[in-house]
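For reference, the structure is listed below as structure tokens.
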Amino acid sequence: MALTVQELFFYLSEVYGAEFCAGKEGVFRTVSWGYYIEDKSIIDDLKTGSCAVCSLVPLKDNEKAFLSFINTLNAKEVSVIIILKSHSIASFPSSISELCNNLNLALIMLPNSINIASLMQGIADLIIKEKYDALELTHFFSKIIENSFPYTQPQILKPYKLLESKQYLIILLSLPEKLKNEESLNFYLDYSFNPKINLNKDTSFYFIYKNYIVYIISNNFDSVPSKISLCAKEDKYFFKSAVSLGNIASSFADFALEYRHAVFAMCFKDSPVREYKDLGIYKILSEVKDTSVLLDIYNSTLGKLSSLSKEKYTFYINTLSSYLEMTGSINETASSSSVHRNTVSYRINKLSELLGMDLKNGHDRYLVQTALYIKTLMEKAPELFNDSLHEENKRG
């Protein structure tokens with residue numbers, strides 16, 4: 001998380017009476033460097049996310065050179081241009097404003113009479129404070145989702161409304177393979193991906209934790225997850241990444257649980273945004289602490305089919321799933337599976353024999369349906385069963 005152009009402008013406006021001239025769509029760009037451009041040689045040293053401070057005087061009589069100058073800074077991925085105007089220059093040519101608006105490159109004007117050293121020191125202080133607060137908040141929220149209590153409030157340098165909220169939503173975005181390096185990932189998030197989402201920094205925060213980017217927000221619960229998903233889909237790195245979320249948390253004490261819920265929801269691939277609240281029976285099954293109980297149900301039912309060949313097993317499981325979905329109707333199962341009803345009838349009778357159960361009986365059907373849900377859960381979230389499987393192997 002880094003200083004935004006918007007935050008920088010608020011500071012410059014309050015201290016120096018800054019004027020926002022163009023490129024207002026670029027206010028969510030982030031700023032991590034400050035440069036005073038005294039001559040063209042400094043442009044070569046500019047880094048992505050820079051704030052470029054320069055005087056308007058050398059450019060005032062040459063509009064073409066001014067346009068070229070802005071294009072050059074944009075090519076260096078500068079986040080904001082601050083121009084020091086002279087008393088003889090009241091405004092920019094319209095072509096300059098149009099270019100900055102088209103590039104979404106913020107253009108801010110300051111009086112030429114200000115002290116450059118104080119200005120650059122002020123910008124540097126803002127950048128450092130923002131980085132310090134980001135580290136503090138990352139440490140704070142990481143401890144909370146790890147359920148590391150007791151925790152202490154972060155020693156941040158400025159107030160955040162986020163910490164005073166009554167409701168929170170934890171959103172996870174899975175990491176792309178090509179950006180697993182944390183330094184590269186942070187850089188890309190700050191300067192490319194997250195500015196597209198336009199999150200309000202007062203009511204949101206994001207950080208990297210294990211295999212996810214964790215977003216914590218305190219408003220716009222309906223729109224933000226979809227926006228993250230859409231930006232990911234259109235991004236060159238995140239286009240294969242998934243988005244998931246837990247339930248709304250009413251306090252920090254709920255964070256560890258809702259983070260776990262969001263991680264669990266990530267296992268299901270039924271929609272672009274995977275929500276824990278939509279997982280139905282799997283929510284109940286995932287909350288069973290002793291998963292050996294689930295394994296016992298599975299082994300006592302579908303586990304009896306393990307001796308079948310892979311091909312036969314697949315046929316029987318597909319037929320069984322369809323049969324249960326069609327509430328035990330042979331005809332509807334045959335129709336939905338594009339299989340002759342006699343074939344379906346044979347397989348159901350064979351399954352009843354193999355399972356030692358009457359699939360026409362409602363109780364037995366319910367038990368087998370539960371076993372199918374457990375099978376799906378074992379495939380999607382195998383880590384839930386690690387301890388139980390280990391104990392089973394030790395006994396076996």
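Residue numbering restarts at 1 for every chain of the structure tokens, chains are lettered A, B, ... in their displayed order, and ligands are numbered from 1 as they appear.
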Counting only C-alpha atoms, what is within 7 Å of stretch 240-249 of chain A, bar same-chain residues fewer than 4 positions away, as a PyMOL selection string?
-> chain A and resi 167-176+229+232-233+254-255+258-259+261-262+265-266+272-277
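For the residues A:Phe221, A:Tyr16, A:Tyr282, A:Phe252, ranking by smallest atom-to-atom distance to A:Ile114 using only C-alpha atoms places A:Tyr16 first.
Proximity of A:Glu130, A:Ser142, A:Leu135, A:Phe20 to A:Cys100, computed with only C-alpha atoms, is greatest for A:Phe20.
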Distance table requested - stretch 102-151 of chain A against stretch 189-205 of chain A, cut-off 9 Å, only C-alpha atoms: one row per qualifying residue with the closest atom pair and its distance in Å to one decimal, ordered by chain and rising residue number, as a Markdown table.
```
| residue | atom | partner | partner_atom | distance |
| --- | --- | --- | --- | --- |
| A:Ala134 | CA | A:Phe205 | CA | 8.5 |
| A:Leu137 | CA | A:Phe205 | CA | 8.2 |
| A:Thr138 | CA | A:Phe205 | CA | 8.6 |
```
Selection file, C-alpha atoms, as an mmCIF file, in the first residue's frame:
```cif
data_model
loop_
_atom_site.group_PDB
_atom_site.id
_atom_site.type_symbol
_atom_site.label_atom_id
_atom_site.label_comp_id
_atom_site.auth_asym_id
_atom_site.auth_seq_id
_atom_site.Cartn_x
_atom_site.Cartn_y
_atom_site.Cartn_z
ATOM 1 C CA ALA A 134 1.419 -0.124 5.653
ATOM 2 C CA LEU A 137 -1.205 -2.619 9.409
ATOM 3 C CA THR A 138 0.106 -5.683 7.553
#
```
Which residues come within 12 Å of A:Ser94, counting only C-alpha atoms, excluding same-chain residues fewer than 5 positions away, as a PyMOL selection string?
-> chain A and resi 21-22+63+66-67+99-101
Selection to disk with all heavy atoms, as an mmCIF file, in the first residue's frame:
```cif
data_model
loop_
_atom_site.group_PDB
_atom_site.id
_atom_site.type_symbol
_atom_site.label_atom_id
_atom_site.label_comp_id
_atom_site.auth_asym_id
_atom_site.auth_seq_id
_atom_site.Cartn_x
_atom_site.Cartn_y
_atom_site.Cartn_z
ATOM 1 N N CYS A 21 -5.016 20.628 -12.071
ATOM 2 C CA CYS A 21 -5.297 21.179 -13.399
ATOM 3 C C CYS A 21 -5.826 20.158 -14.406
ATOM 4 O O CYS A 21 -6.606 20.522 -15.292
ATOM 5 C CB CYS A 21 -4.032 21.822 -13.967
ATOM 6 S SG CYS A 21 -3.399 23.149 -12.928
ATOM 7 N N ALA A 22 -5.414 18.936 -14.309
ATOM 8 C CA ALA A 22 -5.833 17.928 -15.299
ATOM 9 C C ALA A 22 -5.500 16.533 -14.788
ATOM 10 O O ALA A 22 -4.770 16.367 -13.814
ATOM 11 C CB ALA A 22 -5.144 18.176 -16.644
ATOM 12 N N GLU A 63 4.841 24.967 -26.878
ATOM 13 C CA GLU A 63 3.783 24.017 -26.570
ATOM 14 C C GLU A 63 4.144 22.612 -27.036
ATOM 15 O O GLU A 63 3.866 21.625 -26.347
ATOM 16 C CB GLU A 63 2.482 24.473 -27.232
ATOM 17 C CG GLU A 63 1.280 23.625 -26.889
ATOM 18 C CD GLU A 63 -0.002 24.203 -27.470
ATOM 19 O OE1 GLU A 63 -0.071 25.437 -27.707
ATOM 20 O OE2 GLU A 63 -0.937 23.415 -27.699
ATOM 21 N N PHE A 66 6.447 21.055 -24.643
ATOM 22 C CA PHE A 66 5.709 20.742 -23.413
ATOM 23 C C PHE A 66 4.966 19.409 -23.573
ATOM 24 O O PHE A 66 5.006 18.542 -22.699
ATOM 25 C CB PHE A 66 4.730 21.874 -23.109
ATOM 26 C CG PHE A 66 4.275 21.930 -21.671
ATOM 27 C CD1 PHE A 66 3.648 23.056 -21.182
ATOM 28 C CD2 PHE A 66 4.466 20.853 -20.808
ATOM 29 C CE1 PHE A 66 3.218 23.121 -19.868
ATOM 30 C CE2 PHE A 66 4.045 20.905 -19.487
ATOM 31 C CZ PHE A 66 3.415 22.047 -19.015
ATOM 32 N N LEU A 67 4.287 19.229 -24.711
ATOM 33 C CA LEU A 67 3.572 17.981 -24.980
ATOM 34 C C LEU A 67 4.535 16.798 -25.020
ATOM 35 O O LEU A 67 4.245 15.719 -24.481
ATOM 36 C CB LEU A 67 2.813 18.083 -26.294
ATOM 37 C CG LEU A 67 1.605 19.045 -26.320
ATOM 38 C CD1 LEU A 67 1.130 19.256 -27.740
ATOM 39 C CD2 LEU A 67 0.471 18.491 -25.453
ATOM 40 N N LEU A 99 -4.201 16.231 -23.101
ATOM 41 C CA LEU A 99 -3.266 15.099 -23.106
ATOM 42 C C LEU A 99 -3.232 14.416 -21.741
ATOM 43 O O LEU A 99 -3.314 13.185 -21.651
ATOM 44 C CB LEU A 99 -1.864 15.579 -23.492
ATOM 45 C CG LEU A 99 -0.760 14.508 -23.464
ATOM 46 C CD1 LEU A 99 -1.086 13.362 -24.422
ATOM 47 C CD2 LEU A 99 0.598 15.124 -23.805
ATOM 48 N N CYS A 100 -3.127 15.205 -20.668
ATOM 49 C CA CYS A 100 -3.080 14.623 -19.319
ATOM 50 C C CYS A 100 -4.388 13.902 -18.984
ATOM 51 O O CYS A 100 -4.376 12.847 -18.349
ATOM 52 C CB CYS A 100 -2.794 15.712 -18.287
ATOM 53 S SG CYS A 100 -1.096 16.318 -18.340
ATOM 54 N N ASN A 101 -5.503 14.461 -19.431
ATOM 55 C CA ASN A 101 -6.792 13.798 -19.197
ATOM 56 C C ASN A 101 -6.859 12.470 -19.940
ATOM 57 O O ASN A 101 -7.355 11.469 -19.407
ATOM 58 C CB ASN A 101 -7.943 14.705 -19.633
ATOM 59 C CG ASN A 101 -8.170 15.862 -18.677
ATOM 60 O OD1 ASN A 101 -7.846 15.765 -17.489
ATOM 61 N ND2 ASN A 101 -8.716 16.953 -19.184
#
```
How would you write, as a PyMOL selection string, the set of residues in stretch 34-222 of chain A that DSSP gives as strand (DSSP E)?
-> chain A and resi 34-36+50-55+80-85+106-111+169-174+204-209+212-217
Which parts of stretch 99-329 of chain A does DSSP call helix (DSSP H, G or I) when run on the backbone here, written out as a PyMOL selection string?
-> chain A and resi 99-103+116-145+161-164+177-179+182-197+201-203+224-233+252-265+276-278+281-286+292-299+302-305+310-325
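Considering the residues A:Leu320, A:Val293, A:Met378, A:Val27 and counting only C-alpha atoms, A:Leu359 has its shortest atom-to-atom contact with A:Leu320.
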Quick one: everything within 8 Å of stretch 72-86 of chain A, counting only C-alpha atoms, minus sequence neighbours fewer than 5 positions away in the same chain. Send it as a ChimeraX atom specification.
-> /A:5,26,29-31,43,46-57,103,105-112
Taking N, CA and C atoms for each residue, export the selection above as a compact mmCIF listing (two decimals), in the first residue's frame.
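selection06.txt, written as the output of this step:
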```txt
# COMPACT_ATOMS: atom_id res chain seq x y z
N VAL A 5 -1.96 9.72 -5.30
CA VAL A 5 -1.92 11.09 -5.82
C VAL A 5 -2.95 11.95 -5.09
N GLY A 26 -6.55 10.06 -12.58
CA GLY A 26 -5.34 9.38 -12.11
C GLY A 26 -5.07 9.55 -10.62
N ARG A 29 -3.57 6.64 -8.58
CA ARG A 29 -2.20 6.15 -8.82
C ARG A 29 -1.39 6.33 -7.54
N THR A 30 -0.36 5.51 -7.40
CA THR A 30 0.43 5.55 -6.18
C THR A 30 1.78 6.23 -6.41
N VAL A 31 2.30 6.82 -5.34
CA VAL A 31 3.54 7.60 -5.40
C VAL A 31 4.53 7.05 -4.39
N ILE A 43 15.55 12.91 -16.00
CA ILE A 43 14.42 12.10 -16.48
C ILE A 43 14.82 10.64 -16.62
N LEU A 46 14.20 8.57 -13.46
CA LEU A 46 12.85 8.44 -12.91
C LEU A 46 12.42 6.98 -12.82
N LYS A 47 11.71 6.66 -11.73
CA LYS A 47 11.21 5.30 -11.52
C LYS A 47 9.70 5.28 -11.61
N THR A 48 9.16 4.11 -11.85
CA THR A 48 7.71 3.95 -11.87
C THR A 48 7.11 4.44 -10.55
N GLY A 49 6.04 5.24 -10.64
CA GLY A 49 5.41 5.75 -9.44
C GLY A 49 6.04 7.02 -8.91
N SER A 50 6.80 7.72 -9.74
CA SER A 50 7.47 8.93 -9.29
C SER A 50 6.53 10.13 -9.30
N CYS A 51 6.85 11.08 -8.43
CA CYS A 51 6.26 12.41 -8.47
C CYS A 51 7.32 13.32 -9.07
N ALA A 52 7.03 13.89 -10.25
CA ALA A 52 8.00 14.72 -10.96
C ALA A 52 7.69 16.19 -10.75
N VAL A 53 8.59 16.90 -10.10
CA VAL A 53 8.42 18.34 -9.83
C VAL A 53 9.32 19.11 -10.79
N CYS A 54 8.75 20.09 -11.51
CA CYS A 54 9.56 20.86 -12.45
C CYS A 54 8.98 22.25 -12.63
N SER A 55 9.77 23.13 -13.21
CA SER A 55 9.34 24.50 -13.43
C SER A 55 8.70 24.62 -14.81
N LEU A 56 7.67 25.44 -14.88
CA LEU A 56 6.98 25.67 -16.15
C LEU A 56 7.73 26.64 -17.05
N VAL A 57 8.59 27.46 -16.47
CA VAL A 57 9.23 28.56 -17.22
C VAL A 57 9.96 28.09 -18.48
N LEU A 103 -4.36 10.60 -20.74
CA LEU A 103 -3.39 9.68 -20.15
C LEU A 103 -3.73 9.33 -18.71
N LEU A 105 -3.08 11.15 -16.30
CA LEU A 105 -1.85 11.56 -15.62
C LEU A 105 -2.11 12.88 -14.90
N ALA A 106 -2.05 12.84 -13.58
CA ALA A 106 -2.37 14.02 -12.77
C ALA A 106 -1.38 15.15 -13.02
N LEU A 107 -1.92 16.35 -13.21
CA LEU A 107 -1.11 17.55 -13.42
C LEU A 107 -1.52 18.57 -12.36
N ILE A 108 -0.58 18.91 -11.50
CA ILE A 108 -0.84 19.81 -10.38
C ILE A 108 0.06 21.03 -10.50
N MET A 109 -0.50 22.21 -10.21
CA MET A 109 0.29 23.44 -10.30
C MET A 109 0.48 24.04 -8.90
N LEU A 110 1.72 24.50 -8.67
CA LEU A 110 2.07 25.16 -7.40
C LEU A 110 2.71 26.52 -7.68
N PRO A 111 2.62 27.43 -6.73
CA PRO A 111 3.29 28.73 -6.92
C PRO A 111 4.80 28.55 -7.04
N ASN A 112 5.43 29.36 -7.85
CA ASN A 112 6.87 29.25 -8.08
C ASN A 112 7.68 29.75 -6.88
```
